[in-house]
Each structure stands twice: as C-alpha cells, then as structure tokens.
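Structure record follows, encoded as structure tokens.
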Amino acid sequence: MSFAALRPHIKPTLLLAYPVVLSQLGHVLVNVCDSVMVGHIEPPALAATSLAAISLGVSTSTVGLVLGLGVSLGITPLVAAANGRRDVPALGRLLVNGVWLCLAAGLVLALLGFALTPLLRYLHQPAAVEALARPWIQVLFVSYVPLMLFQAFKQFAEGLGLTRQAMYLSIIANVVNAFLCYVLIFGHFGAAPMGMMGSAWATLMARVLMAMLMGAYVLRAARLQPYREAASAQLLPDAVTLRRLLGLGAPIGVQMMFEMGAFSFSAIMIGWLGATPLAAHQIAINVASVTYMAASGIAAAATIRVGNFYGLGDGPSARQAGFTAYWLTFVFMGTMDLVLVVGRGFIPYLYNDTPLVVEQAAGLLLIAALFQVSDGLQVVGLGALRGLEDVKAPSVVALLAYWAIALPVGYGLGFGLGWGATGVWIGLLTGLTLVAGVLLWRFRQHSAQTPAAVNPERIVMAH
C-alpha cells in the first residue's frame with residue numbers, strides 16, 4: 001500500500017495514540033516503580049529476594065488480570081462502531097453494561113486471588129520468594145476491582161475517541177503511587193517501613209483514585225450527557241448487550257491470557273533456576289513491557305480508527321488505518337530495538353546493583369531487543385483485527401504459537417541444552433514472531449473483504 005494512501009491517517013492515528021500510549025504506560029509504570037524501589041531495599045540480599053517475589057507475584061496474578069482487561073477491551077470496538085453510526089441509544093446501553101460487566105469481572109478476580117495463592121507451593125519456587133509473594137498477590141488482586149471499574153469508563157471514552165482524559169489520570173495515579181511507595185516501602189514521614197508490601201498497598205490506593213476520577217469524568221462531562229441520558233433509561237444490565245460485549249471481550253481476554261500465560265509460565269520456569277535468574281527476568285521483562293505498552297497504545301488507536309470505518313462500512317479506509325498503525329509501530333519498535341541494545345549494560349542498575357543480577361539481566365535485554373519489532377507488530381495486528389470485530393481466530397493463533405511452540409522451544413533450550421533463562425527467552429522470541437506474521441496475513445485478508453461505504457458524506461465526517 002502506497003505512502004500517499006496512508007498519509008491522511010498518520011496524524012489522526014497519532015493524535016489518538018499518544019494519550020493511550022501514556023495511559024497504557026501508566027499501568028506498566030506502577031510495576032516499574034514497585035520494582036525499582038523494592039530493588040533498593042536493604043540489605044541487598046533481601047532486595048534481590050523481594051524483586052524475585054514481585055516477579056513471581058506479577059507473573060501469577062497478571063494471567064487473571066489480562067483476562068479481565070481483555071473483557072473490558074471488547075467495549076471499545078463496539079462503542080467505536082456505534083459512534084460511527086451515530087447510534088446514541090446503543091452507546092447508552094454499552095456504557096451501562098460495560099460498567100456492570102467490568103465490576104463483576106473485578107470482583108471475580110479479587111476472589112480468585114485469595115483462592116489461588118495457596119497453590120503457589122506447587123510452582124516449586126524458592127521458599128523465601130514464595131513467602132514474600134503470597135500476601136503481596138492477595139492485595140494486588142483486591143486492586144483489580146477499582147482497576148476494572150477504571151477500565152469500563154476508560155474503554156467507553158476511548159471508543160468515542162476521548163483518549164486524553166485517561167492519560168491525565170494515569171499520570172496523576174503514577175505520581176500518587178510513586179509517593180506512596182516511597183513512604184510505605186521505606187517508612188518515611190512517620191510511616192512504619194513495610195518493605196515490598198508497601199508497594200502493593202500503594203498500588204491499591206492509586207487504583208481506587210483512578211477509578212473515582214475516571215468515573216467522575218464520564219458521569220459528569222457535558223459532552224457525554226446524551227449518552228448518560230440514554231443510559232439512564234435502563235440502568236440494569238440487559239442480556240443482549242452483555243452477550244455482545246462478552247462475544248468480543250471474552251475471546252480478546254482468552255487471547256491475552258494465552259499470551260501473558262506463556263510469559264508467566266516462562267517466569268515460573270526461570271524461577272526453577274533460582275532467585276537470581278528470576279530477579280534478572282523481572283528487570284528485563286519490566287523494561288520490555290514499557291515499550292510494549294507504547295505499541296499497545298498505537299494498537300488501541302488502530303482499534304478505534306478501524307472500528308469507526310468498519311461501523312461506516314468503509315473497508316478501504318479501515319484497511320488504510322490499520323496499515324498506518326502497522327508502519328508507525330514498526331518505526332517506533334525498531335527505534336526501541338536500538339535503545340535496548342545500547343542501554344542493556346546500564347539499564348539494569350536502575351533496578352538493582354547486585355553484579356550477577358545485572359549481568360544476567362543485560363543478556364536478557366539483548367534478546368528483548370531482538371523481539372521488539374515482532375512484539376509491536378503482533379499487538380497492533382490484534383488491535384486492527386479488533387476494529388474489524390475479528391477476535392476468535394487470534395485466540396487460536398496465540399494458543400498454538402505460545403503454548404505449542406514457544407514454551408516447548410524455551411524449555412528445550414533452557415533446560416535440555418542448558419541455556420537457562422536465555423533459552424526460555426528465545427522461545428518467547430519464536431512465539432512472538434510467529435504470531436506477528438500470522439496476524440499480519442489475517443489482517444491483509446480480512447480487511448480486503450470489507451466493502452466500501454455507501455455514504456461518502458459520513459466518511460468525510462469520520463476523517
């Protein structure tokens with residue numbers, strides 16, 4: 001596809017993407033802040049063990065979280081398509097049902113956190129790591145209730161193209177989280193030092209603030225009044241709209257769970273090697289997640305743009321919007337590739353200064369640099385396909401690529417050939433590359449089959 005065809009889509013995509021990028025980074029920066037501060041607890045041996053415990057906690061809890069987040073992501077393409085059709089009653093129903101659905105998902109996740117933590121003993125992690133991780137995970141799962149409420153309001157607003165509000169709130173919440181981490185972890189301003197548990201309580205409080213502020217915006221903003229009035233006609237959930245939301249959101253959640261589950265199980269395998277490799281993995285995956293979330297923001301913009309044009313029935317513009325996001329992601333992640341290669345020697349010191357941890361983390365960051373482009377292209381492919389409401393096939397692709405190929409390859413290289421954590425990460429690189437290629441092919445095929453719009457005036461409005 002020529003640059004001339006894509007050029008009109010670049011600016012609108014970037015204007016939508018950059019607030020989402022900053023908002024998405026907000027989720028990751030919570031873990032970055034936790035890891036950086038916990039990595040400097042005294043004595044250094046406790047810091048390394050605590051960092052490994054956070055890695056175990058994040059790895060085991062994130063599988064459930066991404067299932068909930070995936071359910072919430074089903075709101076955005078439906079809102080974008082309804083907005084493209086100017087269907088205000090449908091938007092009111094999506095607002096009400098989205099909030100109910102996300103609240104239910106958050107409560108289920110919180111209960112799961114307490115039910116599943118006793119099973120940590122079966123993961124055969126170091127005893128000290130498991131003991132620190134257990135209560136940390138339980139508090140983190142409670143924080144998923146306000147986080148899911150935040151997601152309900154955020155995804156509704158983003159489907160309307162209102163992406164800056166969540167960005168501002170994420171910045172505020174990260175400042176609050178960083179301050180509370182500093183106070184609670186180390187015991188400043190008269191607080192008792194709580195160690196790594198301080199980071200969990202800080203995250204919970206910051207997420208409660210995020211949910212309150214995002215809910216206040218959606219429920220009070222003047223520009224959203226027509227949708228609130230439509231929502232007030234039926235404040236209880238209805239089966240038809242819930243089925244539509246689940247029909248899109250559940251496959252997205254399953255796909256995300258397969259992907260994140262592969263990364264989480266990789267961390268568990270690395271934990272079998274000891275606390276030091278697991279701490280190095282936490283550093284490297286933390287850094288890689290920052291660049292991933294930036295690409296994920298572009299993917300969210302692709303969902304909104306492609307979904308708008310899909311709702312209008314304008315196949316060619318939906319295709320152009322999707323490929324614009326692909327190229328923007330390729331350029332960004334290619335740049336991040338170079339940043340990680342150059343910075344792999346000093347970035348780990350931001351987290352921990354134990355020589356063996358730093359050395360192993362630097363090696364893993366080199367592999368992370370290799371999969372930057374693949375990681376970015378696979379997430380933008382998912383975003384573009386969601387705009388076309390194509391969510392089931394990517395789940396199958398994720399299952400096969402990660403669980404039938406990536407993990408067995410990682411285990412074979414890591415333990416069969418004795419490559420350790422490096423081998424496990426090469427397995428992840430293999431899975432990401434396969435998913436990126438298959439999803440690119442599927443978007444090319446699917447977007448080519450969407451017909452052109454029949455109402456040119458509405459296309460001008462969408463642009």
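By convention here, the chains of the structure tokens are called A, B, ... in the order presented, each chain's residues are numbered starting at 1, and ligands are numbered starting at 1 in the order presented.
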key: Contacts of A:Gly343 at 10 Å (only C-alpha atoms; same-chain gap of 5+ positions) as a list in words   = Leu338, Pro348, Ala362, Leu365 and Leu366 of chain A
message = Using DSSP assignments from the backbone, pull out every residue in stretch 44-205 of chain A that falls under alpha helix (DSSP H) and give it to me as a PyMOL selection string.
response = chain A and resi 44-73+75-85+88-116+127-142+144-159+164-186+196-205
task = Fewer than 3 positions away in the same chain doesn't count, so skip those; otherwise give me all residues within 10 Å of A:Leu69, counting only C-alpha atoms, as an NGL selection string.
result = :A and (62 or 64-66 or 72-74 or 102 or 105-106 or 144 or 147-148 or 151-152 or 155 or 249-250 or 252-253 or 256-257)
request  = Compile the contact shell of stretch 401-407 of chain A as a ChimeraX atom specification: residues with an atom at most 12 Å away, counting only C-alpha atoms, same-chain residues fewer than 5 positions apart removed.
outcome  = /A:255-270,378,394-396,412-415,423-439
For the residues selected in the previous step, produce a file with N, CA and C atoms as a short mmCIF file (atom, residue, chain, number, x, y, z; two decimals), in the first residue's frame.
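Written file, part.cif:
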```
data_model
loop_
_atom_site.label_atom_id
_atom_site.label_comp_id
_atom_site.auth_asym_id
_atom_site.auth_seq_id
_atom_site.Cartn_x
_atom_site.Cartn_y
_atom_site.Cartn_z
N GLN A 255 -7.28 -14.65 24.37
CA GLN A 255 -6.04 -14.45 23.60
C GLN A 255 -4.96 -13.82 24.46
N MET A 256 -5.32 -12.78 25.23
CA MET A 256 -4.36 -12.13 26.10
C MET A 256 -3.88 -13.07 27.20
N MET A 257 -4.78 -13.92 27.68
CA MET A 257 -4.42 -14.86 28.73
C MET A 257 -3.42 -15.90 28.20
N PHE A 258 -3.65 -16.37 26.96
CA PHE A 258 -2.69 -17.31 26.37
C PHE A 258 -1.31 -16.67 26.23
N GLU A 259 -1.30 -15.43 25.76
CA GLU A 259 -0.02 -14.73 25.58
C GLU A 259 0.66 -14.46 26.92
N MET A 260 -0.07 -13.83 27.83
CA MET A 260 0.52 -13.49 29.12
C MET A 260 0.81 -14.75 29.93
N GLY A 261 -0.04 -15.76 29.76
CA GLY A 261 0.21 -17.02 30.45
C GLY A 261 1.53 -17.64 30.03
N ALA A 262 1.87 -17.51 28.75
CA ALA A 262 3.15 -18.03 28.28
C ALA A 262 4.31 -17.28 28.92
N PHE A 263 4.19 -15.96 29.02
CA PHE A 263 5.24 -15.18 29.67
C PHE A 263 5.31 -15.52 31.16
N SER A 264 4.15 -15.72 31.79
CA SER A 264 4.13 -16.04 33.21
C SER A 264 4.74 -17.41 33.47
N PHE A 265 4.39 -18.39 32.63
CA PHE A 265 4.96 -19.72 32.83
C PHE A 265 6.45 -19.72 32.55
N SER A 266 6.88 -18.85 31.64
CA SER A 266 8.32 -18.71 31.40
C SER A 266 9.02 -18.21 32.67
N ALA A 267 8.37 -17.26 33.37
CA ALA A 267 8.95 -16.78 34.63
C ALA A 267 9.01 -17.89 35.66
N ILE A 268 7.97 -18.72 35.68
CA ILE A 268 7.97 -19.85 36.62
C ILE A 268 9.12 -20.80 36.30
N MET A 269 9.34 -21.09 35.02
CA MET A 269 10.45 -21.96 34.63
C MET A 269 11.79 -21.34 35.05
N ILE A 270 11.91 -20.03 34.85
CA ILE A 270 13.15 -19.36 35.24
C ILE A 270 13.31 -19.41 36.76
N GLN A 378 2.73 -7.73 16.52
CA GLN A 378 1.65 -8.64 16.90
C GLN A 378 0.56 -7.92 17.68
N PRO A 394 -7.51 -14.93 16.42
CA PRO A 394 -6.28 -14.62 17.14
C PRO A 394 -6.09 -15.42 18.41
N SER A 395 -7.19 -15.84 19.06
CA SER A 395 -7.06 -16.66 20.26
C SER A 395 -6.46 -18.01 19.92
N VAL A 396 -6.89 -18.59 18.81
CA VAL A 396 -6.36 -19.88 18.38
C VAL A 396 -4.88 -19.74 18.00
N GLY A 412 13.08 -26.63 26.01
CA GLY A 412 14.13 -27.44 25.41
C GLY A 412 15.48 -26.74 25.40
N LEU A 413 15.46 -25.44 25.04
CA LEU A 413 16.72 -24.69 25.02
C LEU A 413 17.22 -24.38 26.43
N GLY A 414 16.27 -24.01 27.32
CA GLY A 414 16.67 -23.58 28.65
C GLY A 414 17.15 -24.71 29.54
N PHE A 415 16.48 -25.86 29.44
CA PHE A 415 16.81 -26.97 30.34
C PHE A 415 17.44 -28.14 29.60
N GLY A 423 17.63 -19.38 27.04
CA GLY A 423 16.88 -20.31 26.20
C GLY A 423 15.38 -20.11 26.30
N VAL A 424 14.90 -19.85 27.52
CA VAL A 424 13.47 -19.61 27.72
C VAL A 424 13.04 -18.36 26.95
N TRP A 425 13.86 -17.33 26.97
CA TRP A 425 13.52 -16.09 26.26
C TRP A 425 13.58 -16.26 24.74
N ILE A 426 14.46 -17.10 24.25
CA ILE A 426 14.49 -17.37 22.81
C ILE A 426 13.19 -18.04 22.39
N GLY A 427 12.64 -18.88 23.26
CA GLY A 427 11.34 -19.47 22.97
C GLY A 427 10.26 -18.42 22.83
N LEU A 428 10.29 -17.43 23.71
CA LEU A 428 9.31 -16.33 23.62
C LEU A 428 9.48 -15.54 22.33
N LEU A 429 10.73 -15.30 21.95
CA LEU A 429 11.00 -14.61 20.69
C LEU A 429 10.40 -15.36 19.51
N THR A 430 10.51 -16.68 19.53
CA THR A 430 9.95 -17.51 18.46
C THR A 430 8.44 -17.36 18.38
N GLY A 431 7.77 -17.42 19.54
CA GLY A 431 6.31 -17.31 19.55
C GLY A 431 5.82 -15.96 19.08
N LEU A 432 6.45 -14.89 19.55
CA LEU A 432 6.04 -13.55 19.14
C LEU A 432 6.18 -13.34 17.64
N THR A 433 7.26 -13.83 17.08
CA THR A 433 7.50 -13.67 15.63
C THR A 433 6.44 -14.41 14.82
N LEU A 434 6.09 -15.61 15.25
CA LEU A 434 5.06 -16.38 14.55
C LEU A 434 3.71 -15.67 14.61
N VAL A 435 3.33 -15.19 15.79
CA VAL A 435 2.04 -14.52 15.94
C VAL A 435 1.99 -13.26 15.08
N ALA A 436 3.07 -12.47 15.09
CA ALA A 436 3.11 -11.24 14.29
C ALA A 436 2.89 -11.54 12.81
N GLY A 437 3.55 -12.56 12.30
CA GLY A 437 3.41 -12.90 10.88
C GLY A 437 2.01 -13.37 10.53
N VAL A 438 1.43 -14.22 11.36
CA VAL A 438 0.09 -14.76 11.05
C VAL A 438 -0.97 -13.67 11.13
N LEU A 439 -0.88 -12.80 12.13
CA LEU A 439 -1.89 -11.74 12.27
C LEU A 439 -1.79 -10.71 11.16
#
```
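Minimum atom-to-atom distance to A:Met205, evaluated using only C-alpha atoms, belongs to A:Phe179 out of A:Phe179, A:Tyr168, A:Tyr227, A:Phe153.
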query = Quick one: distance from atom CA of A:Phe114 to atom CA of A:Gln138 in Å, one decimal?
reply =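 Calculated distance between atom CA of A:Phe114 and atom CA of A:Gln138 is 5.8 Å.
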inquiry  = For a test of reading the model, state the distance in Å between atom CA of A:Asp390 and atom CA of A:Pro316, rounded to one decimal.
reply    = 16.6 Å
remark   = Between A:Leu246, A:Leu16, A:Leu417, A:Leu224, smallest distance to A:Glu158 by only C-alpha atoms belongs to A:Leu16
message = From the options A:Phe141, A:Phe443, A:Trp272, A:Phe156, which residue's atoms come nearest to A:Gln125, counting only C-alpha atoms?
response =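 Among the listed residues, A:Trp272 lies closest to A:Gln125.
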request  = Do a neighbour search on A:Gln449 at 12 Å with only C-alpha atoms, toss out local chain neighbours closer than 6 positions, and write the hits as a PyMOL selection string.
outcome  = chain A and resi 310+313-316+318-319+388+442-443
Kindly export the residues of the current selection with N, CA, C and O atoms, as an mmCIF file, in the first residue's frame.
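Generated file (part.cif):
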```
data_model
loop_
_atom_site.group_PDB
_atom_site.id
_atom_site.type_symbol
_atom_site.label_atom_id
_atom_site.label_comp_id
_atom_site.auth_asym_id
_atom_site.auth_seq_id
_atom_site.Cartn_x
_atom_site.Cartn_y
_atom_site.Cartn_z
ATOM 1 N N TYR A 310 -15.153 0.678 10.013
ATOM 2 C CA TYR A 310 -15.898 -0.572 9.870
ATOM 3 C C TYR A 310 -17.371 -0.342 10.164
ATOM 4 O O TYR A 310 -18.248 -0.893 9.492
ATOM 5 N N GLY A 313 -18.929 1.032 7.280
ATOM 6 C CA GLY A 313 -18.891 0.156 6.110
ATOM 7 C C GLY A 313 -17.840 0.560 5.101
ATOM 8 O O GLY A 313 -17.898 0.155 3.935
ATOM 9 N N ASP A 314 -16.855 1.364 5.503
ATOM 10 C CA ASP A 314 -15.825 1.849 4.591
ATOM 11 C C ASP A 314 -14.578 0.960 4.704
ATOM 12 O O ASP A 314 -13.634 1.271 5.437
ATOM 13 N N GLY A 315 -14.583 -0.147 3.966
ATOM 14 C CA GLY A 315 -13.494 -1.106 4.013
ATOM 15 C C GLY A 315 -12.135 -0.545 3.629
ATOM 16 O O GLY A 315 -11.151 -0.783 4.328
ATOM 17 N N PRO A 316 -12.024 0.176 2.507
ATOM 18 C CA PRO A 316 -10.708 0.707 2.117
ATOM 19 C C PRO A 316 -10.084 1.610 3.181
ATOM 20 O O PRO A 316 -8.885 1.511 3.457
ATOM 21 N N ALA A 318 -10.738 1.557 6.425
ATOM 22 C CA ALA A 318 -10.397 0.703 7.568
ATOM 23 C C ALA A 318 -9.053 0.010 7.323
ATOM 24 O O ALA A 318 -8.207 -0.076 8.219
ATOM 25 N N ARG A 319 -8.845 -0.442 6.102
ATOM 26 C CA ARG A 319 -7.588 -1.119 5.741
ATOM 27 C C ARG A 319 -6.411 -0.143 5.825
ATOM 28 O O ARG A 319 -5.344 -0.466 6.364
ATOM 29 N N LEU A 388 -12.105 -4.701 13.326
ATOM 30 C CA LEU A 388 -12.940 -5.440 12.377
ATOM 31 C C LEU A 388 -13.826 -6.462 13.076
ATOM 32 O O LEU A 388 -14.504 -7.257 12.422
ATOM 33 N N ARG A 442 -3.552 -12.246 8.319
ATOM 34 C CA ARG A 442 -5.002 -12.277 8.511
ATOM 35 C C ARG A 442 -5.613 -10.892 8.312
ATOM 36 O O ARG A 442 -6.699 -10.761 7.721
ATOM 37 N N PHE A 443 -4.943 -9.843 8.785
ATOM 38 C CA PHE A 443 -5.490 -8.506 8.582
ATOM 39 C C PHE A 443 -5.526 -8.158 7.099
ATOM 40 O O PHE A 443 -6.493 -7.553 6.615
#
```
request  = Please indicate the distance in Å from atom CA of A:Ala279 to atom CA of A:Gly416, rounded to one decimal place.
outcome  =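 That distance, rounded to one decimal, is 22.0 Å.
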query = Counting only C-alpha atoms, what is within 12 Å of A:Val176, bar same-chain residues fewer than 3 positions away, as a PyMOL selection string?
reply = chain A and resi 26+29-30+33+169-173+179-184+199+201-210
Using only C-alpha atoms, which protein or nucleic acid residues come within 7 Å of A:Leu132? Drop anything in the same chain fewer than 4 positions from it, and give the result as a compact mmCIF listing (two decimals) with C-alpha atoms, in the first residue's frame.
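Final output, out-v6.txt:
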```
# COMPACT_ATOMS: atom_id res chain seq x y z
CA SER A 50 11.92 -9.24 47.10
CA ALA A 53 8.96 -12.30 44.75
CA ALA A 128 11.67 -17.27 50.74
CA TRP A 136 1.57 -9.23 48.03
```
